[in-house]
Amino acid sequence: MNVDESTVVLGLETSCDETAASVVMGGSDVLSSVINTSIEQHVPFGGVVPEIASRAHVELIAPVIAQAIEESGVADTRIDAVAATVGPGLIGALLVGVAAAKALALVWDVPFVGVNHLEAHLYAGLLEDPSLELPLVVLLVSGGHTMLIEMSAHGQYRLLGETIDDAAGEAFDKVARFLGLGYPGGPAIDREAQYGDPTAVAFPRAIPDSLNFSFSGLKTAVMNHVRKHPDSVTADIAASFQMAVVDSLVAKARRAAREVGAKGLVLGGGVAANSLLRQRWATACDEDGIQAFVPSRAMCTDNAAMIAAAGWYRLKSDGPTSLDCGAYPGLRLPLVQSYTP
Ligand code: KG4
Ligand code: ZN
């Protein structure tokens, strides 16, 4: 199949609580992007409940796809391929998107493309700014991952560093719950921190001599501090915690870019919506004389436009995915080699 600027891909994303569909032409022209979420149903439980997420996807997937196609202004017959997230994610949730994508591919007689959700987050940057020059270093920070990845060409990834314990988003969620700020914790801490003093408490920073991250000790330090000082101001704790996370993310990303000679630093994943991280990212890249890319907030969190974009690149390089393909909750990023600092 000839994959070019006119190839239209319908992308589906159902790996967690978002049910999303998007129509993208040529890997970067977003014709529509619809996102629905079952987040409200998970709030009372303080986290995503897999069974509730799967049931919500079953109810939402058909109307979300119909809306994405309608808003794109293209006819069904113009769709050249259907891409869906095959992992990582919640098994029951993933299966809904994969089954829907395969069914549509069969009905329309077009290729099915299985997409790695982590690879799609890497493509979110290129989707909004196709002029980004490779090699890039991407910091992927979400509820499940904190990874520094070098992207030297399409599909060529090298893992430079990752968290050795909690993901950054997980640390935001756990600290927010401890502080009584609710769920999801990232946006709650972001809001609360605006009223606090980020220098109020000097929480521990990054592990030296490595591009790896660790957030579990920081989380414990926050808890110990609050237990010892029960009258601490919540906004100050939130601001100081946020500053410690952002300091460590920015320092390691800068170092990684320097070490591999990257032309740009790209931010991706849910935590990339954090206000302080976004500000500091731009300033750091400016100081280091490299291209900064901070995606729009809508592109940071889970969406299907990034799935369709990554699907377009995968279809171009590897062709269609077999319909025997399943859903893979623990799927990892396909790495070309490991990195030793
Ligand atoms: O990428 P994502 O939507 O889902 C996956 O984990 O794949 O990321 C969700 C994570 C959650 O941990 C949430 O608390 C965090 O991103 N997050 C934020 C902000 N908005 C979302 N963390 C810090 N500041 C924010 N503004
Ligand atoms: Zn994600």
# chains A, B, ... in the order shown; residues from 1 in each chain; ligands from 1

$ closest_atom_pairs --of "chain A" --to "ligand 1" --cutoff "9 Å" --atoms "only C-alpha atoms and all ligand atoms" --output "JSON lines"
{"residue": "A:Ser15", "atom": "CA", "partner": "ligand 1", "partner_atom_place_in_ligand_line": "7 (O)", "distance": 7.9}
{"residue": "A:Cys16", "atom": "CA", "partner": "ligand 1", "partner_atom_place_in_ligand_line": "7 (O)", "distance": 7.0}
{"residue": "A:Asp17", "atom": "CA", "partner": "ligand 1", "partner_atom_place_in_ligand_line": "4 (O)", "distance": 8.4}
{"residue": "A:Glu18", "atom": "CA", "partner": "ligand 1", "partner_atom_place_in_ligand_line": "3 (O)", "distance": 8.3}
{"residue": "A:Pro88", "atom": "CA", "partner": "ligand 1", "partner_atom_place_in_ligand_line": "7 (O)", "distance": 8.7}
{"residue": "A:Gly89", "atom": "CA", "partner": "ligand 1", "partner_atom_place_in_ligand_line": "7 (O)", "distance": 7.8}
{"residue": "A:His117", "atom": "CA", "partner": "ligand 1", "partner_atom_place_in_ligand_line": "7 (O)", "distance": 8.2}
{"residue": "A:Leu118", "atom": "CA", "partner": "ligand 1", "partner_atom_place_in_ligand_line": "7 (O)", "distance": 8.3}
{"residue": "A:His121", "atom": "CA", "partner": "ligand 1", "partner_atom_place_in_ligand_line": "1 (O)", "distance": 8.0}
{"residue": "A:Leu140", "atom": "CA", "partner": "ligand 1", "partner_atom_place_in_ligand_line": "1 (O)", "distance": 8.5}
{"residue": "A:Val141", "atom": "CA", "partner": "ligand 1", "partner_atom_place_in_ligand_line": "1 (O)", "distance": 7.0}
{"residue": "A:Ser142", "atom": "CA", "partner": "ligand 1", "partner_atom_place_in_ligand_line": "8 (O)", "distance": 4.0}
{"residue": "A:Gly143", "atom": "CA", "partner": "ligand 1", "partner_atom_place_in_ligand_line": "6 (O)", "distance": 3.3}
{"residue": "A:Gly144", "atom": "CA", "partner": "ligand 1", "partner_atom_place_in_ligand_line": "6 (O)", "distance": 4.7}
{"residue": "A:His145", "atom": "CA", "partner": "ligand 1", "partner_atom_place_in_ligand_line": "6 (O)", "distance": 6.9}
{"residue": "A:Ala167", "atom": "CA", "partner": "ligand 1", "partner_atom_place_in_ligand_line": "12 (O)", "distance": 8.1}
{"residue": "A:Ala168", "atom": "CA", "partner": "ligand 1", "partner_atom_place_in_ligand_line": "12 (O)", "distance": 7.2}
{"residue": "A:Gly169", "atom": "CA", "partner": "ligand 1", "partner_atom_place_in_ligand_line": "12 (O)", "distance": 3.4}
{"residue": "A:Glu170", "atom": "CA", "partner": "ligand 1", "partner_atom_place_in_ligand_line": "12 (O)", "distance": 5.0}
{"residue": "A:Ala171", "atom": "CA", "partner": "ligand 1", "partner_atom_place_in_ligand_line": "12 (O)", "distance": 7.5}
{"residue": "A:Phe172", "atom": "CA", "partner": "ligand 1", "partner_atom_place_in_ligand_line": "14 (O)", "distance": 5.7}
{"residue": "A:Asp173", "atom": "CA", "partner": "ligand 1", "partner_atom_place_in_ligand_line": "14 (O)", "distance": 5.2}
{"residue": "A:Lys174", "atom": "CA", "partner": "ligand 1", "partner_atom_place_in_ligand_line": "12 (O)", "distance": 8.9}
{"residue": "A:Ala176", "atom": "CA", "partner": "ligand 1", "partner_atom_place_in_ligand_line": "14 (O)", "distance": 8.7}
{"residue": "A:Tyr183", "atom": "CA", "partner": "ligand 1", "partner_atom_place_in_ligand_line": "14 (O)", "distance": 7.5}
{"residue": "A:Pro184", "atom": "CA", "partner": "ligand 1", "partner_atom_place_in_ligand_line": "14 (O)", "distance": 4.8}
{"residue": "A:Gly185", "atom": "CA", "partner": "ligand 1", "partner_atom_place_in_ligand_line": "14 (O)", "distance": 4.5}
{"residue": "A:Gly186", "atom": "CA", "partner": "ligand 1", "partner_atom_place_in_ligand_line": "22 (N)", "distance": 3.2}
{"residue": "A:Pro187", "atom": "CA", "partner": "ligand 1", "partner_atom_place_in_ligand_line": "26 (N)", "distance": 4.0}
{"residue": "A:Ala188", "atom": "CA", "partner": "ligand 1", "partner_atom_place_in_ligand_line": "26 (N)", "distance": 7.5}
{"residue": "A:Ile189", "atom": "CA", "partner": "ligand 1", "partner_atom_place_in_ligand_line": "24 (N)", "distance": 6.8}
{"residue": "A:Asp190", "atom": "CA", "partner": "ligand 1", "partner_atom_place_in_ligand_line": "24 (N)", "distance": 5.2}
{"residue": "A:Arg191", "atom": "CA", "partner": "ligand 1", "partner_atom_place_in_ligand_line": "26 (N)", "distance": 7.8}
{"residue": "A:Gln242", "atom": "CA", "partner": "ligand 1", "partner_atom_place_in_ligand_line": "23 (C)", "distance": 8.0}
{"residue": "A:Gly268", "atom": "CA", "partner": "ligand 1", "partner_atom_place_in_ligand_line": "1 (O)", "distance": 7.9}
{"residue": "A:Gly269", "atom": "CA", "partner": "ligand 1", "partner_atom_place_in_ligand_line": "1 (O)", "distance": 4.1}
{"residue": "A:Gly270", "atom": "CA", "partner": "ligand 1", "partner_atom_place_in_ligand_line": "8 (O)", "distance": 3.3}
{"residue": "A:Val271", "atom": "CA", "partner": "ligand 1", "partner_atom_place_in_ligand_line": "22 (N)", "distance": 3.7}
{"residue": "A:Ala272", "atom": "CA", "partner": "ligand 1", "partner_atom_place_in_ligand_line": "19 (C)", "distance": 6.8}
{"residue": "A:Ala273", "atom": "CA", "partner": "ligand 1", "partner_atom_place_in_ligand_line": "26 (N)", "distance": 4.5}
{"residue": "A:Asn274", "atom": "CA", "partner": "ligand 1", "partner_atom_place_in_ligand_line": "26 (N)", "distance": 3.5}
{"residue": "A:Ser275", "atom": "CA", "partner": "ligand 1", "partner_atom_place_in_ligand_line": "26 (N)", "distance": 6.1}
{"residue": "A:Leu276", "atom": "CA", "partner": "ligand 1", "partner_atom_place_in_ligand_line": "24 (N)", "distance": 8.2}
{"residue": "A:Leu277", "atom": "CA", "partner": "ligand 1", "partner_atom_place_in_ligand_line": "24 (N)", "distance": 8.1}
{"residue": "A:Arg297", "atom": "CA", "partner": "ligand 1", "partner_atom_place_in_ligand_line": "20 (N)", "distance": 8.5}
{"residue": "A:Cys300", "atom": "CA", "partner": "ligand 1", "partner_atom_place_in_ligand_line": "1 (O)", "distance": 6.6}
{"residue": "A:Thr301", "atom": "CA", "partner": "ligand 1", "partner_atom_place_in_ligand_line": "3 (O)", "distance": 3.8}
{"residue": "A:Asp302", "atom": "CA", "partner": "ligand 1", "partner_atom_place_in_ligand_line": "3 (O)", "distance": 4.7}
{"residue": "A:Asn303", "atom": "CA", "partner": "ligand 1", "partner_atom_place_in_ligand_line": "3 (O)", "distance": 8.4}

$ write_last_selection --atoms "C-alpha atoms" --output "compact mmCIF listing (two decimals), in the first residue's frame"
# COMPACT_ATOMS: atom_id res chain seq x y z
CA SER A 15 -5.87 2.13 27.01
CA CYS A 16 -7.06 3.79 30.23
CA ASP A 17 -10.07 6.00 31.02
CA GLU A 18 -10.19 8.06 27.79
CA PRO A 88 0.45 -0.83 27.24
CA GLY A 89 -2.71 -0.29 29.25
CA HIS A 117 0.79 3.84 23.21
CA LEU A 118 4.27 4.97 24.33
CA HIS A 121 3.16 9.81 22.97
CA LEU A 140 7.74 11.01 28.52
CA VAL A 141 6.11 11.67 31.88
CA SER A 142 2.75 10.12 32.67
CA GLY A 143 0.93 8.26 35.42
CA GLY A 144 2.68 5.03 34.47
CA HIS A 145 6.00 6.12 32.93
CA ALA A 167 6.41 7.40 37.83
CA ALA A 168 6.26 11.19 38.21
CA GLY A 169 2.47 11.26 37.69
CA GLU A 170 2.06 8.49 40.25
CA ALA A 171 4.03 10.59 42.76
CA PHE A 172 1.75 13.60 42.03
CA ASP A 173 -1.32 11.39 42.53
CA LYS A 174 -0.05 9.81 45.78
CA ALA A 176 -2.18 14.81 46.37
CA TYR A 183 -7.89 12.81 42.28
CA PRO A 184 -6.40 13.17 39.69
CA GLY A 185 -3.56 14.57 41.78
CA GLY A 186 -1.41 16.28 39.13
CA PRO A 187 -3.87 19.05 38.22
CA ALA A 188 -4.84 19.43 41.93
CA ILE A 189 -1.22 19.99 43.03
CA ASP A 190 -0.61 22.27 40.05
CA ARG A 191 -3.55 24.48 41.17
CA GLN A 242 6.19 20.26 42.59
CA GLY A 268 5.15 14.37 26.37
CA GLY A 269 2.63 12.53 28.56
CA GLY A 270 0.05 13.69 31.10
CA VAL A 271 2.51 15.38 33.50
CA ALA A 272 3.63 17.59 30.58
CA ALA A 273 0.42 19.53 31.30
CA ASN A 274 2.09 20.82 34.50
CA SER A 275 2.39 24.64 34.44
CA LEU A 276 5.78 24.88 36.15
CA LEU A 277 7.32 22.12 34.01
CA ARG A 297 -2.26 20.47 26.90
CA CYS A 300 -0.11 15.85 26.43
CA THR A 301 -2.88 13.70 27.83
CA ASP A 302 -4.21 10.59 26.13
CA ASN A 303 -5.81 11.26 22.75

$ select_by_dssp --residues "range 247-327 of chain A" --states "helix (DSSP H, G or I)" --output "VMD selection string"
chain A and resid 247 to 260 270 to 273 275 to 288 297 to 300 305 to 318

$ closest_residue --among "A:Ala105, A:Ala93, A:Leu60, A:Leu265" --to "Ala81 in chain A" --atoms "only C-alpha atoms"
A:Ala105
